[in-house]
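Content type PDB, C-alpha atoms and all ligand atoms, from the file entry.pdb:
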```pdb
ATOM      1  CA  MET A   1      10.740  -3.295   5.929
ATOM      2  CA  ASN A   2      13.868  -2.230   4.064
ATOM      3  CA  ARG A   3      14.831  -0.641   0.755
ATOM      4  CA  THR A   4      13.997  -3.601  -1.422
ATOM      5  CA  HIS A   5      11.025  -5.070   0.394
ATOM      6  CA  TYR A   6       7.682  -4.000   1.762
ATOM      7  CA  LYS A   7       6.074  -5.806   4.627
ATOM      8  CA  CYS A   8       2.589  -7.097   3.947
ATOM      9  CA  SER A   9       0.108  -5.506   6.329
ATOM     10  CA  TYR A  10      -1.966  -8.679   6.377
ATOM     11  CA  CYS A  11       0.489 -11.509   6.815
ATOM     12  CA  ASP A  12       3.869  -9.792   7.549
ATOM     13  CA  THR A  13       5.502 -11.457   4.545
ATOM     14  CA  GLY A  14       8.352  -9.536   2.910
ATOM     15  CA  VAL A  15       7.220  -8.466  -0.546
ATOM     16  CA  LEU A  16       9.531  -7.278  -3.304
ATOM     17  CA  ARG A  17       8.921  -3.669  -4.301
ATOM     18  CA  ALA A  18       8.340  -4.632  -7.908
ATOM     19  CA  ALA A  19       5.748  -7.267  -6.999
ATOM     20  CA  ARG A  20       2.091  -6.809  -7.795
ATOM     21  CA  PHE A  21       0.823  -9.308  -5.223
ATOM     22  CA  CYS A  22       1.915 -10.549  -1.825
ATOM     23  CA  PRO A  23       3.330 -14.084  -2.202
ATOM     24  CA  GLY A  24       1.979 -14.974   1.242
ATOM     25  CA  CYS A  25      -1.673 -13.996   1.017
ATOM     26  CA  GLN A  26      -2.164 -12.673  -2.549
ATOM     27  CA  ALA A  27      -3.039  -9.196  -1.302
ATOM     28  CA  GLU A  28      -2.687  -6.657  -4.094
ATOM     29  CA  LEU A  29      -0.072  -3.913  -3.809
ATOM     30  CA  HIS A  30      -1.102  -0.365  -4.603
ATOM     31  CA  CYS A  31       1.776   2.076  -4.897
ATOM     32  CA  GLY A  32       1.585   5.848  -4.913
ATOM     33  CA  ALA A  33      -0.918   8.335  -3.598
ATOM     34  CA  PRO A  34      -4.603   7.495  -3.217
ATOM     35  CA  VAL A  35      -6.619   8.256  -6.366
ATOM     36  CA  GLY A  36      -8.711  10.735  -4.399
ATOM     37  CA  LEU A  37      -5.681  12.954  -3.835
ATOM     38  CA  TYR A  38      -4.941  13.104  -7.560
ATOM     39  CA  LEU A  39      -8.571  14.052  -8.193
ATOM     40  CA  PHE A  40      -8.299  16.692  -5.473
ATOM     41  CA  ALA A  41      -5.133  18.078  -7.137
ATOM     42  CA  LEU A  42      -6.999  18.263 -10.447
ATOM     43  CA  VAL A  43     -10.009  20.039  -8.920
ATOM     44  CA  ALA A  44      -7.750  22.432  -7.002
ATOM     45  CA  ALA A  45      -5.780  23.196 -10.187
ATOM     46  CA  ILE A  46      -9.014  23.937 -12.075
ATOM     47  CA  ALA A  47     -10.095  26.244  -9.241
ATOM     48  CA  ILE A  48      -6.701  28.005  -9.310
ATOM     49  CA  GLY A  49      -6.882  28.307 -13.093
ATOM     50  CA  ALA A  50     -10.399  29.719 -12.961
ATOM     51  CA  ALA A  51      -9.485  32.179 -10.212
ATOM     52  CA  CYS A  52      -6.338  33.402 -12.007
ATOM     53  CA  SER A  53      -8.153  33.531 -15.319
ATOM     54  CA  SER A  54     -10.945  35.733 -13.973
ATOM     55  CA  ALA A  55      -8.472  37.957 -12.095
ATOM     56  CA  LEU A  56      -6.569  38.726 -15.296
ATOM     57  CA  PRO A  57      -7.766  41.018 -18.072
ATOM     58  CA  GLU A  58      -9.848  39.337 -20.780
ATOM     59  CA  ALA A  59      -7.001  39.269 -23.308
ATOM     60  CA  GLU A  60      -4.670  37.554 -20.855
ATOM     61  CA  SER A  61      -7.119  35.181 -19.196
ATOM     62  CA  TRP A  62      -5.478  32.253 -20.998
ATOM     63  CA  ALA A  63      -2.419  32.825 -18.783
ATOM     64  CA  GLY A  64      -4.578  32.041 -15.743
ATOM     65  CA  TRP A  65      -5.370  28.608 -17.159
ATOM     66  CA  LEU A  66      -1.678  28.142 -17.865
ATOM     67  CA  ILE A  67      -1.023  28.789 -14.164
ATOM     68  CA  GLY A  68      -3.744  26.263 -13.308
ATOM     69  CA  LEU A  69      -2.123  23.712 -15.614
ATOM     70  CA  ALA A  70       1.261  24.361 -13.998
ATOM     71  CA  ALA A  71      -0.335  23.957 -10.555
ATOM     72  CA  TRP A  72      -1.816  20.626 -11.643
ATOM     73  CA  VAL A  73       1.521  19.316 -12.962
ATOM     74  CA  ALA A  74       3.282  20.542  -9.811
ATOM     75  CA  GLY A  75       0.629  19.000  -7.548
ATOM     76  CA  TRP A  76       0.795  15.695  -9.414
ATOM     77  CA  GLY A  77       4.585  15.631  -9.190
ATOM     78  CA  LEU A  78       4.436  16.519  -5.503
ATOM     79  CA  LEU A  79       2.031  13.660  -4.795
ATOM     80  CA  ASP A  80       4.245  11.230  -6.714
ATOM     81  CA  TRP A  81       7.236  12.427  -4.714
ATOM     82  CA  LEU A  82       5.480  12.382  -1.345
ATOM     83  CA  TYR A  83       4.040   8.916  -1.903
ATOM     84  CA  ALA A  84       7.030   7.376  -3.703
ATOM     85  CA  ASN A  85       7.577   4.968  -0.803
ATOM     86  CA  HIS A  86       3.940   4.549   0.083
ATOM     87  CA  VAL A  87       2.253   1.252  -0.552
ATOM     88  CA  THR A  88      -1.077  -0.148   0.556
ATOM     89  CA  PHE A  89      -2.010  -3.801   0.603
ATOM     90  CA  ARG A  90      -5.510  -4.612  -0.477
ATOM     91  CA  ARG A  91      -7.345  -7.869  -0.482
ATOM     92  CA  ASN A  92     -10.186  -8.233  -2.927
ATOM     93  CA  ARG A  93     -11.833 -11.045  -1.012
ATOM     94  CA  THR A  94     -14.576 -10.387   1.491
ATOM     95  CA  ASP A  95     -12.905 -12.387   4.273
ATOM     96  CA  ARG A  96     -10.736  -9.531   5.530
ATOM     97  CA  PRO A  97      -9.381 -10.444   8.950
ATOM     98  CA  ASP A  98      -9.425  -6.829  10.126
ATOM     99  CA  ALA A  99     -12.670  -5.649   8.539
TER     100      ALA A  99
HETATM  101 ZN    ZN A 101       0.400 -10.886   2.632
END
```

Rewrite the coordinates I just gave you, this time as structure tokens.
Amino acid sequence: MNRTHYKCSYCDTGVLRAARFCPGCQAELHCGAPVGLYLFALVAAIAIGAACSSALPEAESWAGWLIGLAAWVAGWGLLDWLYANHVTFRRNRTDRPDA
């Protein structure tokens, strides 16, 4: 693995970063953080927003949701940054060699 290529986890073929599929075994490339982490960031941001909103006086409770929104944007950006070089290879067929 180097700066321009990923190495397929199924067949060890070098795959260009911009590619959608492995040329060796047609495994699909998925870049970025797992979807579950983005959902977790969203749920956490809502929880933060709700907590801040209820901690503030009624007239300023909107600011709590603003904090939650900021937390969500920050969390999303952090995930994108952390997983910028992360890629998973996925085969859609049922004949996975390592399943
Ligand atoms: Zn492959």

Expansion of the PyMOL selection byres (((not hetatm)) within 9 of (chain A and resi 101)) into residues, as a list in words: Lys7, Cys8, Ser9, Tyr10, Cys11, Asp12, Thr13, Gly14, Val15, Phe21, Cys22, Pro23, Gly24, Cys25, Gln26, Ala27, Glu28, Phe89 and Arg91 of chain A

Test item: the PyMOL selection byres (((chain A and resi 72) around 8) and not hetatm) resolved as a ChimeraX atom specification: /A:41-42,44-46,68-71,73-76

Counting only C-alpha atoms, the option among A:Ala19, A:Gly36, A:Ile48, A:Cys31 closest to Trp81 in chain A: A:Cys31

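The space between CA of Leu37 in chain A and CA of Leu56 in chain A spans 28.2 Å.
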
Any idea what's packed within 7 Å of Thr88 in chain A, counting only C-alpha atoms, ignoring anything in its chain fewer than 2 positions away? Could you give it as a PDB file with C-alpha atoms, keeping the file's coordinate frame?
```
ATOM      1  CA  LEU A  29      -0.072  -3.913  -3.809  1.00  0.00           C
ATOM      2  CA  HIS A  30      -1.102  -0.365  -4.603  1.00  0.00           C
ATOM      3  CA  CYS A  31       1.776   2.076  -4.897  1.00  0.00           C
ATOM      4  CA  HIS A  86       3.940   4.549   0.083  1.00  0.00           C
ATOM      5  CA  ARG A  90      -5.510  -4.612  -0.477  1.00  0.00           C
TER       6      ARG A  90
END
```

Pairwise distance for CA of Tyr83 in chain A and CA of Pro34 in chain A, rounded to one decimal in Å: 8.9 Å

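For the atom pair formed by CA of Leu82 in chain A and CA of Arg17 in chain A, the distance is 16.7 Å, given to one decimal.
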
Selected residue, from A:Ala47, A:Ala18, A:Ala63, A:Cys52, that lies nearest to Asn85 in chain A when counting only C-alpha atoms: A:Ala18

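The smallest atom-to-atom distance between Tyr38 in chain A and any of A:Asn92, A:Gly64, A:Leu79, A:Val87, using only C-alpha atoms, is found for A:Leu79.
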